[in-house]
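What follows is a single structure, written as structure tokens, with notes after it.
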Amino acid sequence: MAHEVVLGIDVGTSGVRIVALDAALATRAMASAPMTPPETSDGRIRQDAEVWWHATRAAFAQLDLDGLDVRAVAVDGTSGTIVTVDGEGTPIGLASMYNDVASDAAVAAVAAAAPRETAALGRTSPLARALDLRRVDARLLHQADWIAGRLSGRFDVTDENNALKTGFDPVAREWPAWIETTGLRRDDLPRVIPAGTAIGSIHPGTAARLGLPADTVVVAGTTDGCAAFLASGASRPGDGVSSLGTTLTLKLLSATPVFAPTFGIYSHRLGDTWLAGGASNSGGGVLASFFSREAIASLSAQLQPDAPTGLDYYPLTMAGERFPINDPMLAPRLSPRPTDDRRFLQGMLEGIAAIEAEGYRRLASLGASPLATLRSVGGGSGNTAWTRIRQHVLDVPFLAAMSDHAAVGTARLAWRGLGHAC
């Protein structure tokens, strides 16, 4: 008897990954395919949307679904990547990537119309870039929307997470009227539905080409960041996920939304909960500026996490911090430096842990649910000494992350689209 699974498709920056997840949230199959890099010219970063579909089909060709019965599929894409399409869903020109920049005029038009709390402000705003891309009788879609459209044949719908940076109001759950004062019509934007909502059945021709059942349900997906959070297994208000990479990124599921533009904080809606977060300039990049990866591993094995150094560092590679302190002139605090490299490294790890704890306190002070449990992802999550230091400082239960593949989180949404509480 075939095992029922759903598929999560993660369209990332360098390739596409597909995961088949069963109802017990166990991975049954996985495949990936690389993607041609975007084109960079005159400061603009663009890509042919067909590249995304080609990589998706290539990943499907590598996916072993033998003995598996696919019931649904959902897609996540890079947050802020947009493309304009005609009535048939055919792209009009190149897509504008998430890190592309809008013209000065478009940025000014959005800034003049938008409230400070919106996530649609700034040079990389997808709403501002949409003003540069607009065409008569064209519709704007996000990357995940367009791939979902290739699956379903529908090119008129998006999810609440991808729509956020394009100006969608997640509290009122609507495209706000102020968008039209920028020069973009709300009719040019897709209909917005909650992430994890069924869109419809797969297009028959696409099902045949990809080897999927004709009754496969296509479900509204999310952004890559939200998908990565869901992949960790976090699901309740108070669940936090810290990404210990080059920089320190915190995400917290909350019963209430948080919008704090001073700190670059906005909230994605996930059902009846909210995903808030912030990003510090501290993190592993500071460690790498002093020690090689091999040296960090060697020194970490000699640390004494239960004996704090008391060095009170604020590790930064250069002046400037955005969260939990918003101060573009904040100077690094990394002195005095002990002669013992082990003590110096432990002091930096303690300093980053203190920033992490203050970050979650900051989110709570702004109205988010207090941190109750913590999962860790990223390169630093495997450092056992650092984990012990963080456990002392944060004083909440540390839980193992279910997965670090965004496609797993998107597959969880596909199960939700079938009515499963995953």
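Going by the structure tokens order, chains are called A, B, ..., each with residues numbered from 1, while ligands are numbered from 1 in the order shown.
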Discussion item. DSSP on the backbone, strand (DSSP E) only: what residues of segment 31-81 of chain A does that give? Format it as a VMD selection string.
Written reply: chain A and resid 31 to 34 39 to 41 44 to 47 68 to 77
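Proximity to Met402 of chain A at 8 Å, evaluated using only C-alpha atoms and with sequence-adjacent residues fewer than 3 positions away removed, yields Ala231, Ser232 and Gly233 of chain A.
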Shell of 9 Å around segment 196-209 of chain A, only C-alpha atoms, local chain residues under 5 positions omitted, as a PDB file with all heavy atoms, in the first residue's frame:
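Produced file selection32.pdb, reproduced below:
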ATOM      1  N   ARG A  57      11.356  21.386 -12.606  1.00  0.00           N
ATOM      2  CA  ARG A  57      11.163  20.157 -13.361  1.00  0.00           C
ATOM      3  C   ARG A  57      12.375  19.239 -13.231  1.00  0.00           C
ATOM      4  O   ARG A  57      12.235  18.001 -13.146  1.00  0.00           O
ATOM      5  CB  ARG A  57      10.888  20.479 -14.824  1.00  0.00           C
ATOM      6  CG  ARG A  57       9.541  21.160 -15.074  1.00  0.00           C
ATOM      7  CD  ARG A  57       9.213  21.266 -16.540  1.00  0.00           C
ATOM      8  NE  ARG A  57       9.059  19.949 -17.159  1.00  0.00           N
ATOM      9  CZ  ARG A  57       8.750  19.751 -18.427  1.00  0.00           C
ATOM     10  NH1 ARG A  57       8.552  20.802 -19.229  1.00  0.00           N
ATOM     11  NH2 ARG A  57       8.628  18.530 -18.926  1.00  0.00           N
ATOM     12  N   ALA A  72      -0.841  16.432  -2.050  1.00  0.00           N
ATOM     13  CA  ALA A  72      -0.859  17.894  -2.184  1.00  0.00           C
ATOM     14  C   ALA A  72       0.560  18.403  -2.387  1.00  0.00           C
ATOM     15  O   ALA A  72       1.543  17.696  -2.112  1.00  0.00           O
ATOM     16  CB  ALA A  72      -1.497  18.538  -0.955  1.00  0.00           C
ATOM     17  N   VAL A  73       0.657  19.652  -2.836  1.00  0.00           N
ATOM     18  CA  VAL A  73       1.954  20.282  -3.052  1.00  0.00           C
ATOM     19  C   VAL A  73       1.832  21.769  -2.734  1.00  0.00           C
ATOM     20  O   VAL A  73       0.805  22.392  -2.994  1.00  0.00           O
ATOM     21  CB  VAL A  73       2.440  20.069  -4.505  1.00  0.00           C
ATOM     22  CG1 VAL A  73       1.442  20.606  -5.505  1.00  0.00           C
ATOM     23  CG2 VAL A  73       3.810  20.692  -4.725  1.00  0.00           C
ATOM     24  N   ALA A  74       2.886  22.325  -2.131  1.00  0.00           N
ATOM     25  CA  ALA A  74       2.943  23.759  -1.841  1.00  0.00           C
ATOM     26  C   ALA A  74       4.334  24.264  -2.184  1.00  0.00           C
ATOM     27  O   ALA A  74       5.300  23.493  -2.226  1.00  0.00           O
ATOM     28  CB  ALA A  74       2.611  24.036  -0.376  1.00  0.00           C
ATOM     29  N   ALA A 148       3.456  28.051  -8.329  1.00  0.00           N
ATOM     30  CA  ALA A 148       2.168  27.435  -7.998  1.00  0.00           C
ATOM     31  C   ALA A 148       1.207  27.551  -9.173  1.00  0.00           C
ATOM     32  O   ALA A 148       0.403  26.637  -9.427  1.00  0.00           O
ATOM     33  CB  ALA A 148       1.567  28.086  -6.755  1.00  0.00           C
ATOM     34  N   ARG A 150       2.116  27.537 -12.350  1.00  0.00           N
ATOM     35  CA  ARG A 150       2.521  26.531 -13.326  1.00  0.00           C
ATOM     36  C   ARG A 150       1.979  25.155 -12.944  1.00  0.00           C
ATOM     37  O   ARG A 150       1.734  24.310 -13.806  1.00  0.00           O
ATOM     38  CB  ARG A 150       4.056  26.478 -13.436  1.00  0.00           C
ATOM     39  CG  ARG A 150       4.703  27.714 -14.039  1.00  0.00           C
ATOM     40  CD  ARG A 150       4.251  27.984 -15.458  1.00  0.00           C
ATOM     41  NE  ARG A 150       4.585  26.923 -16.388  1.00  0.00           N
ATOM     42  CZ  ARG A 150       5.591  26.957 -17.253  1.00  0.00           C
ATOM     43  NH1 ARG A 150       6.392  28.016 -17.281  1.00  0.00           N
ATOM     44  NH2 ARG A 150       5.801  25.966 -18.086  1.00  0.00           N
ATOM     45  N   LEU A 151       1.792  24.937 -11.651  1.00  0.00           N
ATOM     46  CA  LEU A 151       1.248  23.667 -11.184  1.00  0.00           C
ATOM     47  C   LEU A 151      -0.272  23.607 -11.325  1.00  0.00           C
ATOM     48  O   LEU A 151      -0.827  22.581 -11.734  1.00  0.00           O
ATOM     49  CB  LEU A 151       1.631  23.428  -9.723  1.00  0.00           C
ATOM     50  CG  LEU A 151       3.123  23.232  -9.428  1.00  0.00           C
ATOM     51  CD1 LEU A 151       3.384  23.316  -7.925  1.00  0.00           C
ATOM     52  CD2 LEU A 151       3.608  21.897  -9.972  1.00  0.00           C
ATOM     53  N   SER A 152      -0.947  24.696 -10.997  1.00  0.00           N
ATOM     54  CA  SER A 152      -2.411  24.697 -10.938  1.00  0.00           C
ATOM     55  C   SER A 152      -3.092  25.261 -12.171  1.00  0.00           C
ATOM     56  O   SER A 152      -4.279  25.008 -12.399  1.00  0.00           O
ATOM     57  CB  SER A 152      -2.869  25.512  -9.724  1.00  0.00           C
ATOM     58  OG  SER A 152      -2.539  26.883  -9.899  1.00  0.00           O
ATOM     59  N   GLY A 153      -2.341  26.071 -12.936  1.00  0.00           N
ATOM     60  CA  GLY A 153      -2.961  26.765 -14.064  1.00  0.00           C
ATOM     61  C   GLY A 153      -3.605  28.076 -13.650  1.00  0.00           C
ATOM     62  O   GLY A 153      -4.160  28.790 -14.494  1.00  0.00           O
ATOM     63  N   ARG A 154      -3.500  28.439 -12.370  1.00  0.00           N
ATOM     64  CA  ARG A 154      -4.068  29.690 -11.864  1.00  0.00           C
ATOM     65  C   ARG A 154      -2.941  30.685 -11.582  1.00  0.00           C
ATOM     66  O   ARG A 154      -1.986  30.377 -10.873  1.00  0.00           O
ATOM     67  CB  ARG A 154      -4.856  29.454 -10.573  1.00  0.00           C
ATOM     68  CG  ARG A 154      -6.137  28.673 -10.773  1.00  0.00           C
ATOM     69  CD  ARG A 154      -6.952  28.688  -9.488  1.00  0.00           C
ATOM     70  NE  ARG A 154      -7.260  30.054  -9.069  1.00  0.00           N
ATOM     71  CZ  ARG A 154      -7.961  30.354  -7.980  1.00  0.00           C
ATOM     72  NH1 ARG A 154      -8.409  29.376  -7.191  1.00  0.00           N
ATOM     73  NH2 ARG A 154      -8.215  31.605  -7.663  1.00  0.00           N
ATOM     74  N   VAL A 157      -3.485  34.345  -7.667  1.00  0.00           N
ATOM     75  CA  VAL A 157      -3.570  34.211  -6.214  1.00  0.00           C
ATOM     76  C   VAL A 157      -2.188  34.207  -5.590  1.00  0.00           C
ATOM     77  O   VAL A 157      -1.207  33.758  -6.202  1.00  0.00           O
ATOM     78  CB  VAL A 157      -4.344  32.919  -5.845  1.00  0.00           C
ATOM     79  CG1 VAL A 157      -3.564  31.680  -6.273  1.00  0.00           C
ATOM     80  CG2 VAL A 157      -4.655  32.869  -4.363  1.00  0.00           C
ATOM     81  N   ASP A 159      -0.201  34.284  -1.314  1.00  0.00           N
ATOM     82  CA  ASP A 159      -0.431  34.012   0.107  1.00  0.00           C
ATOM     83  C   ASP A 159      -0.092  35.246   0.931  1.00  0.00           C
ATOM     84  O   ASP A 159       0.579  36.163   0.464  1.00  0.00           O
ATOM     85  CB  ASP A 159       0.419  32.822   0.564  1.00  0.00           C
ATOM     86  CG  ASP A 159       1.906  33.136   0.489  1.00  0.00           C
ATOM     87  OD1 ASP A 159       2.455  33.672   1.466  1.00  0.00           O
ATOM     88  OD2 ASP A 159       2.508  32.857  -0.570  1.00  0.00           O
ATOM     89  N   ALA A 214      -3.639  12.968 -10.738  1.00  0.00           N
ATOM     90  CA  ALA A 214      -4.480  14.018 -11.310  1.00  0.00           C
ATOM     91  C   ALA A 214      -5.263  14.778 -10.258  1.00  0.00           C
ATOM     92  O   ALA A 214      -5.724  15.900 -10.510  1.00  0.00           O
ATOM     93  CB  ALA A 214      -5.437  13.408 -12.337  1.00  0.00           C
ATOM     94  N   ASP A 215      -5.431  14.192  -9.066  1.00  0.00           N
ATOM     95  CA  ASP A 215      -6.192  14.867  -8.013  1.00  0.00           C
ATOM     96  C   ASP A 215      -5.291  15.531  -6.970  1.00  0.00           C
ATOM     97  O   ASP A 215      -5.751  15.877  -5.868  1.00  0.00           O
ATOM     98  CB  ASP A 215      -7.150  13.894  -7.332  1.00  0.00           C
ATOM     99  CG  ASP A 215      -6.434  12.725  -6.664  1.00  0.00           C
ATOM    100  OD1 ASP A 215      -5.217  12.574  -6.893  1.00  0.00           O
ATOM    101  OD2 ASP A 215      -7.095  11.977  -5.923  1.00  0.00           O
ATOM    102  N   THR A 216      -4.005  15.717  -7.288  1.00  0.00           N
ATOM    103  CA  THR A 216      -3.101  16.405  -6.372  1.00  0.00           C
ATOM    104  C   THR A 216      -3.596  17.825  -6.116  1.00  0.00           C
ATOM    105  O   THR A 216      -3.901  18.562  -7.056  1.00  0.00           O
ATOM    106  CB  THR A 216      -1.675  16.467  -6.945  1.00  0.00           C
ATOM    107  OG1 THR A 216      -1.199  15.136  -7.178  1.00  0.00           O
ATOM    108  CG2 THR A 216      -0.728  17.178  -5.992  1.00  0.00           C
ATOM    109  N   VAL A 217      -3.685  18.219  -4.851  1.00  0.00           N
ATOM    110  CA  VAL A 217      -4.160  19.547  -4.481  1.00  0.00           C
ATOM    111  C   VAL A 217      -2.972  20.516  -4.420  1.00  0.00           C
ATOM    112  O   VAL A 217      -1.925  20.196  -3.852  1.00  0.00           O
ATOM    113  CB  VAL A 217      -4.868  19.518  -3.111  1.00  0.00           C
ATOM    114  CG1 VAL A 217      -5.296  20.925  -2.685  1.00  0.00           C
ATOM    115  CG2 VAL A 217      -6.067  18.583  -3.162  1.00  0.00           C
ATOM    116  N   VAL A 218      -3.130  21.691  -5.022  1.00  0.00           N
ATOM    117  CA  VAL A 218      -2.113  22.738  -4.935  1.00  0.00           C
ATOM    118  C   VAL A 218      -2.507  23.681  -3.801  1.00  0.00           C
ATOM    119  O   VAL A 218      -3.641  24.168  -3.757  1.00  0.00           O
ATOM    120  CB  VAL A 218      -1.986  23.509  -6.257  1.00  0.00           C
ATOM    121  CG1 VAL A 218      -0.916  24.604  -6.131  1.00  0.00           C
ATOM    122  CG2 VAL A 218      -1.635  22.556  -7.397  1.00  0.00           C
ATOM    123  N   VAL A 219      -1.590  23.914  -2.880  1.00  0.00           N
ATOM    124  CA  VAL A 219      -1.853  24.685  -1.666  1.00  0.00           C
ATOM    125  C   VAL A 219      -1.000  25.954  -1.668  1.00  0.00           C
ATOM    126  O   VAL A 219       0.168  25.930  -2.077  1.00  0.00           O
ATOM    127  CB  VAL A 219      -1.535  23.827  -0.417  1.00  0.00           C
ATOM    128  CG1 VAL A 219      -1.695  24.632   0.863  1.00  0.00           C
ATOM    129  CG2 VAL A 219      -2.422  22.580  -0.398  1.00  0.00           C
ATOM    130  N   ALA A 220      -1.578  27.047  -1.192  1.00  0.00           N
ATOM    131  CA  ALA A 220      -0.837  28.308  -1.103  1.00  0.00           C
ATOM    132  C   ALA A 220       0.346  28.147  -0.150  1.00  0.00           C
ATOM    133  O   ALA A 220       0.194  27.663   0.974  1.00  0.00           O
ATOM    134  CB  ALA A 220      -1.755  29.421  -0.615  1.00  0.00           C
ATOM    135  N   GLY A 221       1.528  28.555  -0.599  1.00  0.00           N
ATOM    136  CA  GLY A 221       2.738  28.377   0.177  1.00  0.00           C
ATOM    137  C   GLY A 221       3.109  29.588   1.000  1.00  0.00           C
ATOM    138  O   GLY A 221       2.263  30.236   1.614  1.00  0.00           O
ATOM    139  N   THR A 222       4.392  29.957   0.974  1.00  0.00           N
ATOM    140  CA  THR A 222       4.876  31.015   1.857  1.00  0.00           C
ATOM    141  C   THR A 222       6.218  31.517   1.338  1.00  0.00           C
ATOM    142  O   THR A 222       6.639  31.171   0.231  1.00  0.00           O
ATOM    143  CB  THR A 222       4.997  30.476   3.294  1.00  0.00           C
ATOM    144  OG1 THR A 222       5.382  31.539   4.168  1.00  0.00           O
ATOM    145  CG2 THR A 222       6.023  29.348   3.393  1.00  0.00           C
ATOM    146  N   LEU A 270       0.574  33.632  10.310  1.00  0.00           N
ATOM    147  CA  LEU A 270       0.545  32.188  10.111  1.00  0.00           C
ATOM    148  C   LEU A 270      -0.696  31.655  10.821  1.00  0.00           C
ATOM    149  O   LEU A 270      -0.667  31.366  12.019  1.00  0.00           O
ATOM    150  CB  LEU A 270       1.806  31.533  10.665  1.00  0.00           C
ATOM    151  CG  LEU A 270       3.113  31.829   9.916  1.00  0.00           C
ATOM    152  CD1 LEU A 270       4.307  31.308  10.697  1.00  0.00           C
ATOM    153  CD2 LEU A 270       3.076  31.230   8.517  1.00  0.00           C
ATOM    154  N   GLY A 271      -1.787  31.575  10.087  1.00  0.00           N
ATOM    155  CA  GLY A 271      -3.053  31.183  10.689  1.00  0.00           C
ATOM    156  C   GLY A 271      -3.514  32.242  11.669  1.00  0.00           C
ATOM    157  O   GLY A 271      -3.666  33.411  11.317  1.00  0.00           O
ATOM    158  N   THR A 410       7.386  24.060   4.080  1.00  0.00           N
ATOM    159  CA  THR A 410       6.368  24.258   3.055  1.00  0.00           C
ATOM    160  C   THR A 410       5.482  23.024   2.930  1.00  0.00           C
ATOM    161  O   THR A 410       4.267  23.134   2.710  1.00  0.00           O
ATOM    162  CB  THR A 410       7.034  24.578   1.708  1.00  0.00           C
ATOM    163  OG1 THR A 410       7.958  25.655   1.896  1.00  0.00           O
ATOM    164  CG2 THR A 410       6.011  24.998   0.670  1.00  0.00           C
ATOM    165  N   ARG A 412       4.697  21.114   5.372  1.00  0.00           N
ATOM    166  CA  ARG A 412       3.762  21.196   6.496  1.00  0.00           C
ATOM    167  C   ARG A 412       2.528  22.008   6.106  1.00  0.00           C
ATOM    168  O   ARG A 412       1.397  21.668   6.479  1.00  0.00           O
ATOM    169  CB  ARG A 412       4.436  21.831   7.715  1.00  0.00           C
ATOM    170  CG  ARG A 412       5.468  20.955   8.401  1.00  0.00           C
ATOM    171  CD  ARG A 412       6.030  21.629   9.642  1.00  0.00           C
ATOM    172  NE  ARG A 412       5.007  21.804  10.675  1.00  0.00           N
ATOM    173  CZ  ARG A 412       5.189  22.499  11.792  1.00  0.00           C
ATOM    174  NH1 ARG A 412       6.347  23.098  12.018  1.00  0.00           N
ATOM    175  NH2 ARG A 412       4.221  22.595  12.682  1.00  0.00           N
ATOM    176  N   LEU A 413       2.730  23.074   5.341  1.00  0.00           N
ATOM    177  CA  LEU A 413       1.604  23.880   4.876  1.00  0.00           C
ATOM    178  C   LEU A 413       0.731  23.072   3.915  1.00  0.00           C
ATOM    179  O   LEU A 413      -0.504  23.207   3.909  1.00  0.00           O
ATOM    180  CB  LEU A 413       2.094  25.150   4.181  1.00  0.00           C
ATOM    181  CG  LEU A 413       2.682  26.230   5.087  1.00  0.00           C
ATOM    182  CD1 LEU A 413       3.215  27.374   4.242  1.00  0.00           C
ATOM    183  CD2 LEU A 413       1.632  26.742   6.068  1.00  0.00           C
ATOM    184  N   ALA A 414       1.364  22.222   3.103  1.00  0.00           N
ATOM    185  CA  ALA A 414       0.591  21.390   2.184  1.00  0.00           C
ATOM    186  C   ALA A 414      -0.329  20.455   2.955  1.00  0.00           C
ATOM    187  O   ALA A 414      -1.489  20.240   2.562  1.00  0.00           O
ATOM    188  CB  ALA A 414       1.527  20.591   1.277  1.00  0.00           C
ATOM    189  N   TRP A 415       0.155  19.903   4.061  1.00  0.00           N
ATOM    190  CA  TRP A 415      -0.707  19.079   4.901  1.00  0.00           C
ATOM    191  C   TRP A 415      -1.862  19.894   5.481  1.00  0.00           C
ATOM    192  O   TRP A 415      -3.002  19.428   5.571  1.00  0.00           O
ATOM    193  CB  TRP A 415       0.082  18.422   6.025  1.00  0.00           C
ATOM    194  CG  TRP A 415       0.738  17.130   5.665  1.00  0.00           C
ATOM    195  CD1 TRP A 415       2.071  16.843   5.687  1.00  0.00           C
ATOM    196  CD2 TRP A 415       0.086  15.937   5.223  1.00  0.00           C
ATOM    197  NE1 TRP A 415       2.300  15.549   5.276  1.00  0.00           N
ATOM    198  CE2 TRP A 415       1.094  14.964   4.992  1.00  0.00           C
ATOM    199  CE3 TRP A 415      -1.244  15.587   4.982  1.00  0.00           C
ATOM    200  CZ2 TRP A 415       0.805  13.678   4.547  1.00  0.00           C
ATOM    201  CZ3 TRP A 415      -1.534  14.304   4.541  1.00  0.00           C
ATOM    202  CH2 TRP A 415      -0.529  13.364   4.331  1.00  0.00           C
ATOM    203  N   ARG A 416      -1.585  21.137   5.878  1.00  0.00           N
ATOM    204  CA  ARG A 416      -2.650  21.989   6.399  1.00  0.00           C
ATOM    205  C   ARG A 416      -3.726  22.214   5.349  1.00  0.00           C
ATOM    206  O   ARG A 416      -4.910  22.309   5.662  1.00  0.00           O
ATOM    207  CB  ARG A 416      -2.091  23.330   6.861  1.00  0.00           C
ATOM    208  CG  ARG A 416      -1.207  23.253   8.084  1.00  0.00           C
ATOM    209  CD  ARG A 416      -0.805  24.643   8.548  1.00  0.00           C
ATOM    210  NE  ARG A 416       0.234  24.578   9.580  1.00  0.00           N
ATOM    211  CZ  ARG A 416       0.749  25.643  10.177  1.00  0.00           C
ATOM    212  NH1 ARG A 416       0.313  26.853   9.861  1.00  0.00           N
ATOM    213  NH2 ARG A 416       1.703  25.511  11.098  1.00  0.00           N
ATOM    214  N   GLY A 417      -3.314  22.324   4.098  1.00  0.00           N
ATOM    215  CA  GLY A 417      -4.274  22.516   3.019  1.00  0.00           C
ATOM    216  C   GLY A 417      -5.224  21.339   2.846  1.00  0.00           C
ATOM    217  O   GLY A 417      -6.295  21.475   2.268  1.00  0.00           O
ATOM    218  N   LEU A 418      -4.800  20.185   3.363  1.00  0.00           N
ATOM    219  CA  LEU A 418      -5.657  18.990   3.327  1.00  0.00           C
ATOM    220  C   LEU A 418      -6.437  18.829   4.625  1.00  0.00           C
ATOM    221  O   LEU A 418      -7.147  17.833   4.813  1.00  0.00           O
ATOM    222  CB  LEU A 418      -4.797  17.747   3.091  1.00  0.00           C
ATOM    223  CG  LEU A 418      -4.097  17.647   1.734  1.00  0.00           C
ATOM    224  CD1 LEU A 418      -3.244  16.389   1.690  1.00  0.00           C
ATOM    225  CD2 LEU A 418      -5.093  17.662   0.588  1.00  0.00           C
TER     226      LEU A 418
END
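Closest approach to Ala227 of chain A among A:Ser381, A:Thr309, A:Asn161, A:Thr387: A:Asn161, based on only C-alpha atoms.
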Practice prompt. Write out as a VMD selection string each polymer residue whose atoms come within 12 Å of Thr40 of chain A, counting only C-alpha atoms; drop sequence neighbours fewer than 2 positions from it.
Written response: chain A and resid 37 to 38 42 to 48 94 to 97 99 to 101
Worksheet item: Leaving out Leu184 of chain A and any residue of its chain fewer than 6 positions from it, which residues lie within 9 Å of it when counting only C-alpha atoms, given as a PyMOL selection string?
Response: chain A and resi 127+130-131+134
Take the residues just selected and output them with C-alpha atoms as an mmCIF file, in the first residue's frame.
data_model
loop_
_atom_site.group_PDB
_atom_site.id
_atom_site.type_symbol
_atom_site.label_atom_id
_atom_site.label_comp_id
_atom_site.auth_asym_id
_atom_site.auth_seq_id
_atom_site.Cartn_x
_atom_site.Cartn_y
_atom_site.Cartn_z
ATOM 1 C CA LEU A 127 6.044 47.308 -4.215
ATOM 2 C CA ALA A 130 6.521 46.722 -9.100
ATOM 3 C CA LEU A 131 6.045 50.374 -10.054
ATOM 4 C CA ARG A 134 4.130 47.787 -14.321
#
Item to complete: Mind giving me the straight-line distance from atom CA of Ala357 of chain A to atom CA of Ser243 of chain A in Å, one decimal?
Response: 13.2 Å
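Minimum distance to Val85 of chain A across A:Ala307, A:Ala59, A:Leu133, A:Val107 (counting only C-alpha atoms) occurs at A:Leu133.
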